[in-house]
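A.B. asks: To start, I am sharing the structure in question, which I have written as C-alpha cells.
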Amino acid sequence: MPKAKWYAVRVGRRPGVYATWGEAARQVNGFPGAVHKSFPHPQAAEGWLRSGLRHRPESSDLPVRSNPSKQSVKEEDLDQDVSASRLQRHAHDSTAYAYESPLEDTVKPKAALVDPTLSSQQEEILTRILKGENYFFTGSAGTGKSVLLRAIIRAFKQREEDEKVLEEDNWRRYLSGETNGERSEVPRWKLGVTASTGMAGVNIGGTTVHSWAGIGLGDAPAEKLYQNILRNKMTAKRWKTTGALIIDEISMIDAKLFDKLEYIGRKIRKSTAPFGGLQIILTGDFYQLPPVAKGSASNTSFAFEAESWNRVIPKENMSALTRVFRQKDDGFVKILENMRRGAISQQDVDTLRGLDRTVRYPEGIEPVGLYPQKAEVAAINDKRLEALDSPSQEYVAYDVPGITSQGYALDSIRATDSLNRNTIWPQKLALKVGALVMLVTDGVLVNGSTGVVVDFMTISEALSANIHPVSGSFGSSPDPKVFWPVVEFVPSRFATGRVAKRVLVPQMAVDVLNASGRPEATRHQIPLILAWALTIHKSQGQTLERVKIDLNNIFVEGQTYVAISRAVSLDTLQIMNFSAHKVMAHRKVIEWARPFEEEQKQEEEWDDLMANADFNV
Ligand SMILES: Nc1ncnc2c1ncn2[C@@H]1O[C@H](COP(=O)(O)OP(=O)(O)OP(=O)(O)O)[C@@H](O)[C@H]1O
C-alpha cells in the first residue's frame with residue numbers, strides 16, 4: 001500500500017524529509033519558528049523543502065560560483081537532474097533520501113555502516129550481557145570492542161521496540177476484556193549509552209557519563225552530587241528508570257568518579273546492590289589512554305582501583321577479546337602485543353626503527369600524519385594548505401541549539417562550544433584542490449577514510465558527471481547553489497560498498513545527543529577535516545590505511561601504542577623518532593591486568609586443547 005504521508009521540515013533542528021511524524025516531530029518540537037508540512041509523496045515534500053530552505057548559513061559563508069567556467073549550470077538543470085533521479089529511502093538512515101541515478105554505471109547508495117558478523121567470543125559476551133549481568137570487556141586495539149558494543153546497543157534497542165509492542169498488545173487485550181481484568185507487567189530494559197569523553201559518546205550515539213548522570217565535572221563530594229541530582233526531576237527519573245548503563249572508554253574514568261557514580265546509584269535507587277541494581281556494562285582498554293591526572297601523572301587512579309570495582313564487576317564477568325581483526329600480519333600483531341605491555345624486544349625495536357622511511361603510494365595520496373600535540377597538528381595543516389597554489393574555499397558550520405540532558409535549552413554559543421568539544425567536525429573548514437582530507441562520518445566509506453580534494457562542484461554538476469554523495473544520501477539538504485568538494489579516496493578494504501573513485505562530500509549533519517537521545521546541538525557542515533596532521537588523541541578508535549607517526553613529543557603512557565595500532569600493516573606505516581623508551585605502559589595497569597590475562601590465556605589454551613583432542617584414541 002502506498003504510504004499516506006511524508007513530512008518536510010523546512011525550519012527545524014535538521015531540515016529534511018521524514019517518513020514518520022515521530023522523526024519529524026523530533027526536529028520541530030520546541031524549535032523556535034519551526035516550519036513543516038506533510039505531503040502525499042516524497043518528491044513533493046522534497047520540492048517544497050528546496051523551494052524555501054531557511055535557517056541555513058548565509059550564502060556569504062559558502063563558496064558559490066567560484067569557477068567562472070561553471071556559470072552555465074542553471075537552477076533548471078538541477079531540477080531536471082533531480083526529477084530524473086528517483087528518490088529512494090535510505091536503508092538505515094531514516095532521515096535521509098538517496099538520489100538513485102538512472103545511469104547504469106553508478107555507485108549504489110549503501111547503508112550507513114554494516115558491521116561484520118560477531119565472532120563466537122563476541123557473541124558469548126553479548127549473550128551474558130543480555131541476561132542482565134554486569135560486565136567489563138576489554139581487549140587490545142582492533143579486537144572488535146566497538147563492533148561488539150554497537151551490537152549490544154542494537155540488541156537493547158530491539159528489546160525496547162519489542163517491549164513497546166508487547167505493552168500495546170497487553171493494553172489492547174486488557175481493554176477488550178480478553179484477560180479477566182489482569183494485565184501482565186512488561187519488564188523494562190531502558191538503556192543509557194554513555195562514554196567517558198564527549199567524542200567517544202557521539203561515536204556510539206550516546207552522551208558523556210557526566211551529562212547522563214547530571215554531575216557536571218563530578219568534582220564535588222558524592223553526597224553533594226546526589227543532592228544536586230535530586231533537585232532535577234528529569235535527571236533523578238533517568239537514574240531511577242534506566243535498566244542498564246553502558247560506559248565506553250572506561251580507561252579514562254578515574255577511581256574516585258567511579259565510586260561516586262556507584263554511590264549515587266545506590267542512594268537514588270534505594271537499594272544496597274552495586275549501583276542500586278542498575279546493570280553496568282563497561283568497555284575500554286586500560287593500556288590505551290589513561291584518565292587525565294589532576295596534578296602530576298603519578299596521581300592517575302584507574303577505575304579498577306575504585307573501592308566498588310570488585311563489587312560491581314565480579315572477576316568472572318571480565319573478559320578480553322583476543323582475536324585482532326585490524327591487522328592481518330601476525331608479526332605486527334605480536335609487536336603490538338609486546339608494546340601494549342611496555343615490553344618490546346630488541347627485534348621489535350629494530351623492526352620499528354626500520355620504518356623510518358617515506359612510503360610511496362600508487363595514486364600519490366599521502367598518509368595521515370599522527371602527532372601527540374594539538375599545536376603541532378594545527379601548524380602543520382595550516383602550512384600545508386597555504387603551500388597549495390589553488391583558490392581556497394571556506395565552509396562555515398551552521399549550528400542549531402537543542403535541549404540539554406537536564407532539560408534546559410542551550411543558547412547558540414553553548415551549542416557551538418558543545419559541538420567543538422564533543423565532535424571532530426570543524427566549525428570552519430578551508431579547503432583547496434590538492435588538500436589531504438579525512439572523512440569523519442560513516443557512509444559508503446568508513447570514518448577515517450582519507451583522500452584528496454580534486455574539484456569543487458554543485459550537486460547538479462556532480463550528478464551529471466556521475467559523481468555521487470559520499471553517504472549515498474543528501475540527508476542535510478545541502479544548498480544546490482554551493483560548490484561542494486569532490487574527493488578521491490584511498491581504496492579501503494573496510495569500505496561497506498562498491499565505492500567510486502571520486503565522491504561528492506556535501507554538507508551533512510552531526511548531533512551531540514542528550515541523555516534522552518534528543519539533540520543537544522546539531523552541526524551542519526562538510527564531514528571532512530584536514531589530514532596532513534591529526535592528534536593521536538583524536539585518532540583513538542580509528543583504522544587508518546596509510547599512516548605516518550612522529551613520536552618526538554610523546555608525553556603520556558599508552559600514546560605510542562594507540563598511534564601505532566591505528567595502522568593496518570607495517571608496509572603502510574612510517575614511524576619517525578622511534579626509541580624504545582617511548583613505549584610506555586602504566587605500571588598499575590600491567591600489575592592489575594597480569595593475573596586476569598594469565599587466567600584467560602590458560603582457559604583459552606584449555607579450550608583449544610579440548611577442541612582438538614581426539615577422544616577416540
Ligand atoms: N567479528 C569480526 N569479524 C571481522 N572483522 C571484525 C570483527 N570485529 C571487528 N572487526 C573489524 O576489526 C576492526 C577493528 O574493530 P573495532 O574498531 O571494533 O576494534 P576496537 O577493539 O574497538 O579497536 P580500538 O581499541 O583500537 O578502538 C574494524 O575494521 C572492524 O570492522
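The way I read the labels, and the way they are meant: chains A, B, ... in the order of the C-alpha cells, residue 1 as the first residue of every chain, and ligand 1 as the first ligand shown, with later ones counted on from there.
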When the cut-off is 8 Å and you count only C-alpha atoms and all ligand atoms, which residues lie near ligand 1, shown as a PyMOL selection string?
C.D. replies: chain A and resi 115-119+122+138-149+284-285+288+321+324-326+494+540-543+562+565-566
A.B. asks: Determine which residues of segment 187-366 of chain A receive a DSSP assignment of strand (DSSP E or B), computed from the backbone, and state them as a VMD selection string.
C.D. replies: chain A and resid 191 to 195 207 to 208 244 to 248 254 279 to 283 302 318 to 321
A.B. asks: Residues of the last selection are to be written out with C-alpha atoms, as a PDB file, in the first residue's frame.
C.D. replies:
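After the write, again08.pdb holds the following:
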ATOM      1  CA  LEU A 191      19.446   1.607  28.119  1.00  0.00           C
ATOM      2  CA  GLY A 192      21.741   4.540  28.934  1.00  0.00           C
ATOM      3  CA  VAL A 193      24.502   4.900  26.336  1.00  0.00           C
ATOM      4  CA  THR A 194      27.482   6.867  27.626  1.00  0.00           C
ATOM      5  CA  ALA A 195      31.236   7.245  27.369  1.00  0.00           C
ATOM      6  CA  THR A 207      26.407  11.178  25.654  1.00  0.00           C
ATOM      7  CA  THR A 208      29.078  11.653  28.329  1.00  0.00           C
ATOM      8  CA  ALA A 244      21.283  -0.794  32.015  1.00  0.00           C
ATOM      9  CA  LEU A 245      24.087   1.723  31.642  1.00  0.00           C
ATOM     10  CA  ILE A 246      26.941   1.479  29.144  1.00  0.00           C
ATOM     11  CA  ILE A 247      30.175   3.365  29.848  1.00  0.00           C
ATOM     12  CA  ASP A 248      32.585   3.250  26.901  1.00  0.00           C
ATOM     13  CA  ASP A 254      39.201   7.728  37.414  1.00  0.00           C
ATOM     14  CA  GLN A 279      23.081  -3.125  35.148  1.00  0.00           C
ATOM     15  CA  ILE A 280      26.566  -1.826  34.344  1.00  0.00           C
ATOM     16  CA  ILE A 281      28.311  -2.562  31.027  1.00  0.00           C
ATOM     17  CA  LEU A 282      31.874  -1.278  30.795  1.00  0.00           C
ATOM     18  CA  THR A 283      34.340  -1.425  27.942  1.00  0.00           C
ATOM     19  CA  PHE A 302      42.150   3.955  37.255  1.00  0.00           C
ATOM     20  CA  MET A 318      35.569  -9.610  32.960  1.00  0.00           C
ATOM     21  CA  SER A 319      36.963 -10.807  29.674  1.00  0.00           C
ATOM     22  CA  ALA A 320      39.361  -9.734  26.990  1.00  0.00           C
ATOM     23  CA  LEU A 321      38.679 -10.140  23.273  1.00  0.00           C
TER      24      LEU A 321
END
A.B. asks: Excluding Ala435 of chain A and residues on its chain fewer than 5 positions from it, collect all residues at most 8 Å away from it, counting only C-alpha atoms, and give them as number ranges by chain.
C.D. replies: A: 385, 388, 452-453, 530
A.B. asks: Report as a PDB file with N, CA and C atoms, in the first residue's frame all protein, DNA and RNA residues lying within 7 Å of Thr458 of chain A, evaluated on only C-alpha atoms, omitting residues in the same chain fewer than 2 positions from it.
C.D. replies:
ATOM      1  N   SER A 460      24.177  19.416  -8.799  1.00  0.00           N
ATOM      2  CA  SER A 460      23.732  19.181 -10.159  1.00  0.00           C
ATOM      3  C   SER A 460      24.890  18.771 -11.071  1.00  0.00           C
ATOM      4  N   GLU A 461      25.997  19.514 -10.971  1.00  0.00           N
ATOM      5  CA  GLU A 461      27.164  19.191 -11.805  1.00  0.00           C
ATOM      6  C   GLU A 461      27.703  17.803 -11.465  1.00  0.00           C
ATOM      7  N   ALA A 462      27.749  17.511 -10.172  1.00  0.00           N
ATOM      8  CA  ALA A 462      28.302  16.222  -9.746  1.00  0.00           C
ATOM      9  C   ALA A 462      27.450  15.080 -10.287  1.00  0.00           C
ATOM     10  N   PRO A 480      21.798  23.718  -3.182  1.00  0.00           N
ATOM     11  CA  PRO A 480      22.123  23.316  -4.563  1.00  0.00           C
ATOM     12  C   PRO A 480      23.028  24.303  -5.288  1.00  0.00           C
ATOM     13  N   LYS A 481      23.153  25.527  -4.765  1.00  0.00           N
ATOM     14  CA  LYS A 481      23.974  26.527  -5.472  1.00  0.00           C
ATOM     15  C   LYS A 481      25.437  26.513  -5.020  1.00  0.00           C
ATOM     16  N   VAL A 482      25.702  25.800  -3.932  1.00  0.00           N
ATOM     17  CA  VAL A 482      27.051  25.831  -3.361  1.00  0.00           C
ATOM     18  C   VAL A 482      27.955  24.804  -4.048  1.00  0.00           C
ATOM     19  N   PHE A 483      29.230  25.157  -4.175  1.00  0.00           N
ATOM     20  CA  PHE A 483      30.212  24.216  -4.697  1.00  0.00           C
ATOM     21  C   PHE A 483      30.757  23.385  -3.533  1.00  0.00           C
ATOM     22  N   TRP A 484      30.519  22.082  -3.592  1.00  0.00           N
ATOM     23  CA  TRP A 484      30.985  21.173  -2.534  1.00  0.00           C
ATOM     24  C   TRP A 484      32.225  20.432  -3.027  1.00  0.00           C
TER      25      TRP A 484
END
A.B. asks: Quick one: pull the distance between atom CA of Val9 of chain A and atom CA of Ala397 of chain A, Å, one decimal.
C.D. replies: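 So the two atoms, atom CA of Val9 of chain A and atom CA of Ala397 of chain A, lie 19.3 Å apart.
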A.B. asks: Rank nothing, just name the residue among A:Pro401, A:Lys190, A:Val433, A:Thr441 nearest to Ile204 of chain A, using only C-alpha atoms.
C.D. replies: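 Comparing A:Pro401, A:Lys190, A:Val433, A:Thr441 against Ile204 of chain A, the winner is A:Thr441.
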A.B. asks: Can you work out which one of A:Val202, A:Met508, A:Val440, A:Leu570 has the shortest atom-to-atom distance to Leu419 of chain A, counting only C-alpha atoms?
C.D. replies: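 Residue with the minimum atom-to-atom distance to Leu419 of chain A: A:Val202.
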A.B. asks: Could you tell me how far atom CA of Pro274 of chain A sits from atom CA of Thr127 of chain A, in Å to one decimal place?
C.D. replies: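 So the answer is 21.1 Å.
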A.B. asks: Contacts of segment 34-44 of chain A at 7 Å or less, counting only C-alpha atoms, minus same-chain residues fewer than 4 places along, as a VMD selection string?
C.D. replies: chain A and resid 4 to 12 28 48 87
A.B. asks: Please return as a PyMOL selection string: the residues of segment 136-192 of chain A that backbone DSSP assigns to helix (DSSP H, G or I).
C.D. replies: chain A and resi 145-175
A.B. asks: Include C-alpha atoms and write out the residues we just selected as a JSON list (two decimals), in the first residue's frame.
C.D. replies:
[["chain", "number", "residue", "atom", "x", "y", "z"],
["A", 145, "LYS", "CA", 35.31, -3.92, 21.15],
["A", 146, "SER", "CA", 33.48, -1.16, 19.25],
["A", 147, "VAL", "CA", 31.83, -3.66, 16.91],
["A", 148, "LEU", "CA", 30.60, -5.66, 19.93],
["A", 149, "LEU", "CA", 29.44, -2.52, 21.69],
["A", 150, "ARG", "CA", 27.37, -1.48, 18.67],
["A", 151, "ALA", "CA", 25.81, -4.97, 18.59],
["A", 152, "ILE", "CA", 24.91, -4.66, 22.29],
["A", 153, "ILE", "CA", 23.27, -1.28, 21.72],
["A", 154, "ARG", "CA", 21.31, -2.62, 18.73],
["A", 155, "ALA", "CA", 20.13, -5.63, 20.76],
["A", 156, "PHE", "CA", 18.91, -3.44, 23.63],
["A", 157, "LYS", "CA", 17.14, -1.06, 21.24],
["A", 158, "GLN", "CA", 15.44, -4.04, 19.60],
["A", 159, "ARG", "CA", 14.35, -5.19, 23.03],
["A", 160, "GLU", "CA", 12.88, -1.73, 23.75],
["A", 161, "GLU", "CA", 10.93, -1.93, 20.47],
["A", 162, "ASP", "CA", 9.69, -5.47, 21.28],
["A", 163, "GLU", "CA", 8.55, -4.29, 24.71],
["A", 164, "LYS", "CA", 6.56, -1.45, 23.21],
["A", 165, "VAL", "CA", 4.70, -3.93, 21.00],
["A", 166, "LEU", "CA", 4.09, -6.26, 23.98],
["A", 167, "GLU", "CA", 2.88, -3.38, 26.13],
["A", 168, "GLU", "CA", 0.45, -2.21, 23.43],
["A", 169, "ASP", "CA", -0.81, -5.76, 22.99],
["A", 170, "ASN", "CA", -1.25, -6.09, 26.76],
["A", 171, "TRP", "CA", -3.34, -2.94, 26.86],
["A", 172, "ARG", "CA", -5.41, -3.98, 23.89],
["A", 173, "ARG", "CA", -6.22, -7.35, 25.48],
["A", 174, "TYR", "CA", -6.86, -5.74, 28.87],
["A", 175, "LEU", "CA", -9.22, -3.12, 27.43]]
A.B. asks: Work out how far atom CA of Ala563 of chain A is from atom CA of Val368 of chain A, in Å to one decimal.
C.D. replies: 11.2 Å
A.B. asks: Each residue of segment 130-227 of chain A with at least one atom at most 7 Å from segment 309-314 of chain A should appear once, together with its nearest atom pair and the corresponding distance in Å (one decimal); atoms considered: only C-alpha atoms; ordering: chain, then increasing residue number; output as a Markdown table.
C.D. replies:
| residue | atom | partner | partner_atom | distance |
| --- | --- | --- | --- | --- |
| A:Asn134 | CA | A:Ile313 | CA | 6.1 |
| A:Tyr135 | CA | A:Ile313 | CA | 6.1 |
| A:Phe136 | CA | A:Ile313 | CA | 6.8 |
A.B. asks: Which of these residues is nearest to His210 of chain A, using only C-alpha atoms: A:Gly243, A:Leu429, A:Pro372, A:Leu261?
C.D. replies: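 Closest to His210 of chain A, using only C-alpha atoms: A:Leu261.
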A.B. asks: Pick the closest to Thr522 of chain A from A:Glu545, A:Asp399, A:Glu178, A:Glu249: which is it, counting only C-alpha atoms?
C.D. replies: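 Of the candidates, the smallest distance to Thr522 of chain A is held by A:Asp399.
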A.B. asks: May I have the residues within 6 Å of segment 344-356 of chain A as a count of residues only, using only C-alpha atoms and disregarding those fewer than 6 positions away in the same chain?
C.D. replies: 5
A.B. asks: Write out as a PyMOL selection string each polymer residue whose atoms come within 7 Å of segment 577-582 of chain A, counting only C-alpha atoms; drop sequence neighbours fewer than 3 positions from it.
C.D. replies: chain A and resi 349+353+550-552+554+560
